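Reproduced below: entry.cif, with mmCIF, C-alpha atoms (C1' of nucleotides).
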data_model
loop_
_atom_site.label_atom_id
_atom_site.label_comp_id
_atom_site.auth_asym_id
_atom_site.auth_seq_id
_atom_site.Cartn_x
_atom_site.Cartn_y
_atom_site.Cartn_z
CA MET A 1 -30.74 12.45 -5.00
CA THR A 2 -27.89 14.47 -6.47
CA SER A 3 -29.81 17.55 -5.38
CA GLN A 4 -28.70 17.05 -1.78
CA THR A 5 -26.28 19.63 -0.49
CA PRO A 6 -22.97 18.41 0.92
CA GLU A 7 -24.16 19.41 4.37
CA GLN A 8 -27.33 17.36 4.01
CA ARG A 9 -25.38 14.35 2.85
CA LEU A 10 -23.19 14.51 5.92
CA GLN A 11 -26.07 14.98 8.31
CA THR A 12 -28.02 12.11 6.81
CA ARG A 13 -25.12 9.85 7.71
CA ASN A 14 -24.55 11.37 11.14
CA ILE A 15 -21.28 13.03 10.28
CA GLN A 16 -20.43 16.40 11.80
CA PRO A 17 -20.39 18.78 8.83
CA THR A 18 -17.09 20.61 9.14
CA ALA A 19 -15.80 22.91 6.42
CA MET A 20 -13.17 20.43 5.31
CA ARG A 21 -15.65 17.59 5.06
CA MET A 22 -18.07 19.58 3.01
CA LEU A 23 -15.32 20.48 0.60
CA VAL A 24 -14.38 16.84 0.24
CA VAL A 25 -17.99 15.80 -0.36
CA ASP A 26 -18.24 18.53 -2.94
CA PHE A 27 -15.16 17.23 -4.66
CA LEU A 28 -16.57 13.72 -4.67
CA VAL A 29 -19.89 14.89 -6.09
CA GLN A 30 -18.21 16.73 -8.92
CA HIS A 31 -16.00 13.84 -9.92
CA LYS A 32 -17.48 11.24 -12.20
CA ALA A 33 -14.64 8.85 -11.45
CA ALA A 34 -13.75 7.42 -8.06
CA VAL A 35 -11.23 9.41 -6.09
CA SER A 36 -8.02 8.29 -4.44
CA LEU A 37 -6.29 9.80 -1.45
CA SER A 38 -3.63 11.19 -3.75
CA ASP A 39 -6.27 12.91 -5.83
CA LEU A 40 -7.54 14.66 -2.75
CA GLU A 41 -4.04 15.56 -1.65
CA GLU A 42 -3.34 17.09 -4.99
CA HIS A 43 -6.52 19.12 -5.04
CA PHE A 44 -6.41 20.22 -1.41
CA SER A 45 -2.72 20.93 -1.37
CA HIS A 46 -3.11 23.38 1.48
CA SER A 47 -4.55 20.68 3.67
CA ASP A 48 -2.89 17.73 5.34
CA ARG A 49 -2.68 14.21 4.04
CA THR A 50 -3.71 12.75 7.39
CA THR A 51 -6.82 14.86 7.60
CA LEU A 52 -7.94 13.73 4.19
CA TYR A 53 -7.12 10.15 5.04
CA ARG A 54 -9.20 10.29 8.19
CA THR A 55 -11.97 12.12 6.43
CA LEU A 56 -12.29 9.31 3.92
CA LYS A 57 -12.10 6.74 6.67
CA THR A 58 -14.91 8.42 8.58
CA PHE A 59 -17.00 8.67 5.44
CA GLN A 60 -16.50 5.00 4.80
CA GLU A 61 -17.39 3.95 8.32
CA LYS A 62 -20.55 6.00 8.19
CA GLY A 63 -21.51 4.57 4.82
CA LEU A 64 -21.22 7.79 2.86
CA VAL A 65 -18.64 6.39 0.46
CA HIS A 66 -17.53 2.94 -0.59
CA GLN A 67 -14.01 1.82 -1.15
CA ILE A 68 -12.88 0.30 -4.42
CA HIS A 69 -9.71 -1.71 -4.91
CA ASP A 70 -8.62 -1.56 -8.50
CA GLU A 71 -5.34 -2.46 -10.13
CA SER A 72 -3.84 0.94 -9.55
CA GLY A 73 -2.75 -0.34 -6.17
CA SER A 74 -4.22 2.53 -4.22
CA ALA A 75 -7.71 2.49 -2.79
CA LYS A 76 -10.35 4.69 -4.34
CA TYR A 77 -13.56 6.08 -2.97
CA ALA A 78 -16.92 6.94 -4.48
CA LEU A 79 -20.12 8.32 -3.02
CA CYS A 80 -22.82 5.83 -2.17
CA ALA A 81 -26.40 6.24 -3.23
CA GLU A 82 -28.54 7.83 -0.56
CA ASP A 83 -30.17 4.63 0.59
CA CYS A 84 -27.18 2.36 0.05
CA ASN A 85 -25.43 0.42 2.76
CA CYS A 86 -23.01 -1.39 0.48
CA SER A 87 -23.91 -4.89 1.50
CA TYR A 88 -23.90 -8.00 -0.63
CA PRO A 89 -25.85 -8.95 -2.58
CA ASP A 90 -28.30 -6.08 -2.61
CA ASP A 91 -26.40 -2.84 -2.67
CA MET A 92 -23.46 -3.64 -4.84
CA HIS A 93 -22.57 -2.73 -8.35
CA VAL A 94 -19.72 -3.31 -10.72
CA HIS A 95 -16.87 -0.88 -11.40
CA PHE A 96 -14.79 -0.28 -14.47
CA TYR A 97 -11.11 0.55 -14.18
CA CYS A 98 -9.40 2.02 -17.21
CA SER A 99 -5.82 0.82 -17.27
CA SER A 100 -4.88 3.69 -19.55
CA CYS A 101 -6.17 6.79 -17.74
CA GLU A 102 -6.37 4.94 -14.42
CA ASN A 103 -9.86 6.19 -13.71
CA THR A 104 -12.41 4.00 -12.00
CA PHE A 105 -16.10 4.38 -12.72
CA CYS A 106 -19.16 3.20 -10.85
CA PHE A 107 -21.99 1.45 -12.63
CA PRO A 108 -24.84 1.56 -10.12
CA ASN A 109 -27.22 0.14 -12.67
CA LEU A 110 -25.10 -2.96 -13.17
CA PRO A 111 -25.72 -4.88 -9.97
CA ILE A 112 -23.69 -7.92 -9.14
CA PRO A 113 -25.44 -11.26 -9.17
CA GLN A 114 -25.88 -13.59 -6.26
CA PHE A 115 -23.27 -16.32 -6.21
CA ASP A 116 -23.85 -19.83 -5.00
CA PHE A 117 -21.10 -20.23 -2.47
CA PRO A 118 -20.84 -23.50 -0.59
CA GLU A 119 -22.51 -23.85 2.78
CA HIS A 120 -21.31 -21.58 5.58
CA PHE A 121 -19.65 -18.94 3.48
CA GLU A 122 -21.29 -15.81 4.87
CA ALA A 123 -20.93 -12.98 2.40
CA SER A 124 -21.25 -9.40 3.58
CA HIS A 125 -19.90 -7.15 0.87
CA GLY A 126 -17.51 -7.20 -2.02
CA ASN A 127 -15.32 -5.59 -4.61
CA PHE A 128 -16.08 -5.94 -8.29
CA VAL A 129 -13.83 -4.34 -10.84
CA ILE A 130 -13.54 -4.98 -14.54
CA THR A 131 -10.37 -3.65 -16.09
CA GLY A 132 -10.06 -2.43 -19.64
CA ILE A 133 -10.05 0.70 -21.76
CA CYS A 134 -12.64 3.43 -21.37
CA PRO A 135 -14.24 5.41 -24.21
CA SER A 136 -12.01 8.43 -23.60
CA CYS A 137 -8.82 6.48 -24.19
CA PRO A 138 -7.52 5.22 -27.52
CA ALA A 139 -7.55 1.45 -27.79
CA MET B 1 -4.86 -31.46 -14.24
CA THR B 2 -3.65 -31.32 -10.66
CA SER B 3 -1.54 -34.33 -11.55
CA GLN B 4 0.91 -32.11 -13.39
CA THR B 5 4.31 -31.85 -11.78
CA PRO B 6 5.64 -28.38 -10.95
CA GLU B 7 8.18 -28.78 -13.70
CA GLN B 8 5.50 -29.59 -16.25
CA ARG B 9 3.44 -26.63 -15.17
CA LEU B 10 6.36 -24.32 -15.73
CA GLN B 11 7.26 -25.79 -19.07
CA THR B 12 3.70 -25.59 -20.32
CA ARG B 13 3.85 -21.84 -19.77
CA ASN B 14 7.34 -21.44 -21.17
CA ILE B 15 9.00 -20.66 -17.89
CA GLN B 16 12.52 -21.90 -17.21
CA PRO B 17 12.10 -24.43 -14.40
CA THR B 18 14.66 -23.40 -11.82
CA ALA B 19 14.79 -24.97 -8.36
CA MET B 20 13.34 -21.90 -6.72
CA ARG B 21 10.46 -21.66 -9.14
CA MET B 22 9.54 -25.28 -8.70
CA LEU B 23 9.45 -24.83 -4.96
CA VAL B 24 7.16 -21.84 -5.31
CA VAL B 25 4.83 -23.71 -7.64
CA ASP B 26 4.79 -26.55 -5.18
CA PHE B 27 3.85 -24.17 -2.41
CA LEU B 28 1.04 -22.72 -4.53
CA VAL B 29 -0.29 -26.15 -5.38
CA GLN B 30 -0.40 -27.20 -1.77
CA HIS B 31 -2.19 -24.10 -0.59
CA LYS B 32 -5.93 -24.02 -0.94
CA ALA B 33 -6.00 -20.29 -0.34
CA ALA B 34 -4.34 -17.65 -2.47
CA VAL B 35 -0.84 -16.68 -1.47
CA SER B 36 0.66 -13.27 -0.82
CA LEU B 37 4.26 -12.21 -1.20
CA SER B 38 4.55 -12.09 2.59
CA ASP B 39 3.36 -15.67 2.81
CA LEU B 40 6.13 -16.72 0.48
CA GLU B 41 8.67 -14.66 2.38
CA GLU B 42 7.66 -16.30 5.59
CA HIS B 43 7.83 -19.80 4.18
CA PHE B 44 11.03 -19.34 2.20
CA SER B 45 12.82 -17.38 4.86
CA HIS B 46 16.19 -18.40 3.53
CA SER B 47 15.40 -16.84 0.20
CA ASP B 48 15.19 -13.22 -0.83
CA ARG B 49 12.11 -11.06 -1.00
CA THR B 50 13.04 -9.73 -4.43
CA THR B 51 13.48 -13.16 -5.92
CA LEU B 52 10.04 -14.21 -4.75
CA TYR B 53 8.57 -10.96 -5.98
CA ARG B 54 10.04 -11.44 -9.40
CA THR B 55 9.09 -15.08 -9.45
CA LEU B 56 5.45 -14.18 -8.92
CA LYS B 57 5.68 -11.44 -11.49
CA THR B 58 7.08 -13.82 -14.05
CA PHE B 59 4.40 -16.37 -13.25
CA GLN B 60 1.74 -13.75 -13.72
CA GLU B 61 3.12 -12.51 -17.02
CA LYS B 62 3.27 -16.04 -18.35
CA GLY B 63 -0.26 -16.76 -17.20
CA LEU B 64 0.62 -19.37 -14.62
CA VAL B 65 -1.00 -17.47 -11.77
CA HIS B 66 -3.58 -14.72 -11.48
CA GLN B 67 -3.46 -11.80 -9.13
CA ILE B 68 -6.26 -11.06 -6.70
CA HIS B 69 -6.80 -7.77 -4.91
CA ASP B 70 -8.74 -8.31 -1.74
CA GLU B 71 -9.30 -6.05 1.25
CA SER B 72 -6.14 -7.19 2.97
CA GLY B 73 -4.32 -4.53 1.01
CA SER B 74 -1.65 -6.82 -0.35
CA ALA B 75 -1.95 -8.62 -3.64
CA LYS B 76 -2.46 -12.36 -3.61
CA TYR B 77 -1.74 -15.00 -6.21
CA ALA B 78 -3.37 -18.27 -7.15
CA LEU B 79 -2.62 -20.86 -9.80
CA CYS B 80 -4.61 -20.67 -12.99
CA ALA B 81 -6.31 -23.63 -14.54
CA GLU B 82 -4.24 -25.26 -17.21
CA ASP B 83 -6.12 -23.77 -20.13
CA CYS B 84 -6.90 -20.43 -18.55
CA ASN B 85 -5.72 -17.09 -19.82
CA CYS B 86 -7.57 -14.97 -17.29
CA SER B 87 -9.48 -12.81 -19.72
CA TYR B 88 -12.93 -11.35 -19.32
CA PRO B 89 -15.54 -12.60 -19.63
CA ASP B 90 -14.55 -16.18 -20.32
CA ASP B 91 -11.83 -17.20 -17.94
CA MET B 92 -12.80 -15.44 -14.78
CA HIS B 93 -14.25 -16.60 -11.54
CA VAL B 94 -15.24 -15.11 -8.25
CA HIS B 95 -13.12 -15.13 -5.08
CA PHE B 96 -14.06 -15.18 -1.45
CA TYR B 97 -12.05 -13.22 1.08
CA CYS B 98 -12.55 -14.09 4.74
CA SER B 99 -12.12 -10.94 6.79
CA SER B 100 -11.45 -13.03 9.86
CA CYS B 101 -8.65 -15.39 8.82
CA GLU B 102 -7.71 -13.17 5.86
CA ASN B 103 -7.62 -16.07 3.47
CA THR B 104 -8.78 -15.71 -0.10
CA PHE B 105 -10.28 -18.64 -1.96
CA CYS B 106 -10.86 -19.23 -5.65
CA PHE B 107 -14.19 -20.49 -6.94
CA PRO B 108 -13.41 -21.60 -10.46
CA ASN B 109 -16.88 -23.04 -10.83
CA LEU B 110 -18.53 -19.70 -10.12
CA PRO B 111 -17.85 -17.75 -13.30
CA ILE B 112 -18.61 -14.08 -13.50
CA PRO B 113 -21.38 -12.97 -15.82
CA GLN B 114 -21.04 -10.67 -18.78
CA PHE B 115 -21.92 -7.08 -17.90
CA ASP B 116 -23.61 -4.68 -20.21
CA PHE B 117 -21.22 -1.76 -20.18
CA PRO B 118 -22.02 1.26 -22.31
CA GLU B 119 -20.57 1.51 -25.77
CA HIS B 120 -16.77 1.67 -26.10
CA PHE B 121 -15.87 0.26 -22.73
CA GLU B 122 -13.47 -2.48 -23.76
CA ALA B 123 -13.15 -5.00 -20.96
CA SER B 124 -10.12 -7.25 -20.80
CA HIS B 125 -10.01 -8.80 -17.35
CA GLY B 126 -11.16 -8.19 -13.83
CA ASN B 127 -11.07 -8.68 -10.12
CA PHE B 128 -14.03 -10.16 -8.31
CA VAL B 129 -13.93 -10.61 -4.58
CA ILE B 130 -16.75 -11.16 -2.13
CA THR B 131 -15.82 -10.50 1.47
CA GLY B 132 -17.30 -12.29 4.45
CA ILE B 133 -16.69 -15.09 6.90
CA CYS B 134 -15.53 -18.52 5.80
CA PRO B 135 -16.71 -21.84 7.27
CA SER B 136 -13.55 -22.25 9.36
CA CYS B 137 -14.11 -19.01 11.23
CA PRO B 138 -16.73 -18.38 13.91
CA ALA B 139 -19.39 -15.91 12.82
"C1'" DG C 1 -16.41 34.48 31.12
"C1'" DA C 2 -13.46 30.49 32.62
"C1'" DA C 3 -12.75 25.61 33.04
"C1'" DA C 4 -13.60 21.04 31.34
"C1'" DT C 5 -14.49 17.96 27.68
"C1'" DG C 6 -14.65 16.07 23.11
"C1'" DT C 7 -13.77 16.37 18.31
"C1'" DT C 8 -11.12 17.83 14.34
"C1'" DT C 9 -6.94 19.04 12.31
"C1'" DG C 10 -1.81 19.28 11.51
"C1'" DC C 11 2.84 17.53 12.09
"C1'" DA C 12 6.01 13.91 12.64
"C1'" DA C 13 7.18 9.46 12.36
"C1'" DT C 14 6.71 4.67 11.13
"C1'" DA C 15 5.24 0.11 9.00
"C1'" DG C 16 4.53 -2.42 5.01
"C1'" DT C 17 4.13 -3.29 0.12
"C1'" DG C 18 5.80 -2.74 -4.27
"C1'" DT C 19 9.66 -1.72 -7.24
"C1'" DT C 20 14.26 -0.83 -9.35
"C1'" DG C 21 19.51 -0.79 -9.95
"C1'" DC C 22 23.50 -3.17 -9.61
"C1'" DA C 23 26.64 -6.90 -8.90
"C1'" DC C 24 27.56 -11.74 -8.52
"C1'" DG C 25 27.13 -16.57 -9.92
"C1'" DC C 26 26.11 -20.02 -13.08
"C1'" DA C 27 24.89 -22.24 -17.43
"C1'" DG C 28 25.37 -22.60 -22.38
"C1'" DC C 29 27.88 -21.29 -26.50
"C1'" DC C 30 31.53 -19.41 -29.60
"C1'" DG D 1 39.15 -19.17 -21.97
"C1'" DG D 2 35.91 -15.42 -22.85
"C1'" DC D 3 31.22 -13.89 -24.01
"C1'" DT D 4 26.36 -13.78 -23.26
"C1'" DG D 5 21.97 -14.38 -21.00
"C1'" DC D 6 19.40 -15.42 -17.13
"C1'" DG D 7 18.39 -16.00 -12.25
"C1'" DT D 8 19.40 -14.60 -7.70
"C1'" DG D 9 20.74 -11.63 -3.70
"C1'" DC D 10 21.64 -7.17 -1.62
"C1'" DA D 11 20.68 -2.47 -1.08
"C1'" DA D 12 18.03 1.22 -1.67
"C1'" DC D 13 13.95 3.74 -2.69
"C1'" DA D 14 8.93 5.29 -3.65
"C1'" DC D 15 4.59 5.27 -2.21
"C1'" DT D 16 0.47 4.04 0.46
"C1'" DA D 17 -1.45 3.30 4.71
"C1'" DT D 18 -1.43 4.16 9.55
"C1'" DT D 19 -0.56 5.86 14.35
"C1'" DG D 20 0.87 9.09 18.33
"C1'" DC D 21 0.85 13.40 19.98
"C1'" DA D 22 -0.11 18.18 20.38
"C1'" DA D 23 -2.49 22.39 18.95
"C1'" DA D 24 -6.95 24.38 17.47
"C1'" DC D 25 -11.61 24.61 17.84
"C1'" DA D 26 -16.40 23.77 19.36
"C1'" DT D 27 -19.60 22.54 23.08
"C1'" DT D 28 -21.00 22.11 27.42
"C1'" DT D 29 -20.99 23.17 32.34
"C1'" DC D 30 -20.12 25.78 36.14
#
Would you mind writing the file out in C-alpha cells?
Amino acid sequence: MTSQTPEQRLQTRNIQPTAMRMLVVDFLVQHKAAVSLSDLEEHFSHSDRTTLYRTLKTFQEKGLVHQIHDESGSAKYALCAEDCNCSYPDDMHVHFYCSSCENTFCFPNLPIPQFDFPEHFEASHGNFVITGICPSCPA
Amino acid sequence: MTSQTPEQRLQTRNIQPTAMRMLVVDFLVQHKAAVSLSDLEEHFSHSDRTTLYRTLKTFQEKGLVHQIHDESGSAKYALCAEDCNCSYPDDMHVHFYCSSCENTFCFPNLPIPQFDFPEHFEASHGNFVITGICPSCPA
DNA sequence: GAAATGTTTGCAATAGTGTTGCACGCAGCC
DNA sequence: GGCTGCGTGCAACACTATTGCAAACATTTC
C-alpha cells in the first residue's frame, strides 16, 4: 500500500493531481508523525499558507487524510490507509501525542473499541488521542 | 457526590473559594454538557474573559475539571468526579460530541480500555471523543 | 487560435481562541 | 499604617483557522 505513487493516491480519491498536491502527499508519506499546517508552511516556505490549508481541507474531504486533534492546540493530519473511510467504529485507530516533542503518531493496528452509548446516540467518527512521552524523549 | 456544594468542591481541591469561582462551579454543575470559555463569557457577560480563562485553568490544574478537545475547535471543560485525577488508563472516559448542536457529553461509565502501545510509550492521560448526532437532534 | 469556463493558487484581510503583562483592589498579617 | 499575596479587569498580542477576491492556469468549445 505504501508502494502507491503520490499521483496514484490522489487519483484513487478523485483529487486532481497538481504539482503542489503531489508534493504535499509526498511530504505526508515521508513523515512518520502527523503533520500540522505549520509544519507544511515551514517546509514549503515558498508556497502560500492558504494553498496548503485548502490542500489539506480537500484531502480531508476526499478521505485521503484524517484530522487529529491533540493537545498541541493545532489540528494535525495523517494519511489514511488505502481502503479507509475513517468512520466509527470500523476504520478508527488510536493516536499517541508526545507532550515533549509534540509529535503525534498513528497506531493503525490499535483499533478503538465499540462503546455502548445510550439509545439514539448515532456515532459517525471520532478522535482518540493518548498523551504521554514517546520513546525518543527522555522521561 | 453531586450533593457537594460549590464551596465544598473548591475546598476539596484546595482552591480558594471566591464568589466568582463558586458561580462558575455552579454553572458547570448545572450544565449536562461540557462548557467552553465562550459559553462562560456569554453567561457571565458582566465578567471578564481573562478571569474566566484563568478560573478554568486553575480548576484544571487542581483537578476539578478536565479539558476536552472536540471538533468544535475550542476546548471544553467538564467537572471531574470527586475522586478522579484524570490519568490514563484508570480515570478516563469517553465523550460524545454532537456535530449538530455542538454539545459535548461525558460518559463516565464508559471507561476507555488499555491500549498496547509499543515499548517505551509512557501514557499519562488522553482525549477520547466520538462524534455524531445526539438524541436531541434530528438525524 | 480565441473565447468561455472551471479549478487552483496567491495575497490580503478578518474572526476567534488562547495567552501574557500590568495595574488596581482587597484581604490578611506584621 | 505599610507590606504581601492573591484575584480580578483591561489592554494587547500571538497564533490558528477561515474567507473574499483576483491572477494564473488548464480544459473545453467554438
| If we count all atoms listed in the file, what is near stretch 111-121 of chain A at a cut-off of 9 Å, once residues fewer than 3 positions away on the same chain are taken out, given as a list in words? | Tyr88, Pro89, Asp90, Asp91, Met92, His93, Val94, Phe107, Pro108 and Phe128 of chain A; Val94, Phe96, Cys98, Phe107, Leu110, Ile112, Pro113, Phe115, Gly132, Ile133, Cys134, Pro135 and Ser136 of chain B
File of the preceding selection, C-alpha atoms, as a short mmCIF file (atom, residue, chain, number, x, y, z; two decimals), in the coordinates of the input:
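Below is the file part17.cif, written as the result:
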data_model
loop_
_atom_site.label_atom_id
_atom_site.label_comp_id
_atom_site.auth_asym_id
_atom_site.auth_seq_id
_atom_site.Cartn_x
_atom_site.Cartn_y
_atom_site.Cartn_z
CA TYR A 88 -23.90 -8.00 -0.63
CA PRO A 89 -25.85 -8.95 -2.58
CA ASP A 90 -28.30 -6.08 -2.61
CA ASP A 91 -26.40 -2.84 -2.67
CA MET A 92 -23.46 -3.64 -4.84
CA HIS A 93 -22.57 -2.73 -8.35
CA VAL A 94 -19.72 -3.31 -10.72
CA PHE A 107 -21.99 1.45 -12.63
CA PRO A 108 -24.84 1.56 -10.12
CA PHE A 128 -16.08 -5.94 -8.29
CA VAL B 94 -15.24 -15.11 -8.25
CA PHE B 96 -14.06 -15.18 -1.45
CA CYS B 98 -12.55 -14.09 4.74
CA PHE B 107 -14.19 -20.49 -6.94
CA LEU B 110 -18.53 -19.70 -10.12
CA ILE B 112 -18.61 -14.08 -13.50
CA PRO B 113 -21.38 -12.97 -15.82
CA PHE B 115 -21.92 -7.08 -17.90
CA GLY B 132 -17.30 -12.29 4.45
CA ILE B 133 -16.69 -15.09 6.90
CA CYS B 134 -15.53 -18.52 5.80
CA PRO B 135 -16.71 -21.84 7.27
CA SER B 136 -13.55 -22.25 9.36
#
- Task: Could you tell me which residues the PyMOL selection byres ((chain B) within 12 of (chain C)) grabs in this file, written as a PyMOL selection string?
- Result: chain B and resi 18+36-38+49-50+53-54+57+72-76
Please build the interface table for chain D against chain A with a cut-off of 10 Å, listing for each qualifying residue the nearest atom pair and the distance in Å to one decimal; count only C-alpha atoms (C1' of nucleotides), order rows by chain and increasing number, and write it as a Markdown table.
| residue | atom | partner | partner_atom | distance |
| --- | --- | --- | --- | --- |
| D:DC15 | C1' | A:Ser74 | CA | 9.4 |
| D:DT16 | C1' | A:Ser74 | CA | 6.8 |
| D:DA17 | C1' | A:Tyr53 | CA | 8.9 |
| D:DT18 | C1' | A:Thr50 | CA | 9.1 |
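With atom CA of A:Ala123 on one side and atom CA of B:Ala34 on the other, the separation reads 17.9 Å.
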*asked:* For a quick check of understanding, using all atoms listed in the file, which of A:Gln30, A:Ala78, A:Cys84, A:Ile68 has the smallest distance to chain B?
replied: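 Of the candidates, the smallest distance to chain B is held by A:Ile68.
Atom CA of A:Asn85 is found 16.9 Å from atom CA of A:Glu122.
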| request: Skip A:Leu79 itself and residues of its chain fewer than 6 positions away, then list as an NGL selection string all residues within 12 Å of it, counting all atoms listed in the file. | output: :A and (1-2 or 6 or 9-10 or 13 or 24-35 or 56 or 59-60 or 62-68 or 85-86 or 105-108)
In terms of all atoms listed in the file, the residue from B:Glu71, B:Glu42, B:Glu7, B:Glu61 at minimal distance from chain A is B:Glu71
| request: Check the smallest atom-to-atom distance from each of A:Asn103, A:Asn109, A:Ser124, A:Gln11 to chain B using only C-alpha atoms, then report the winner. | output: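 Selected residue with least distance to chain B: A:Ser124.
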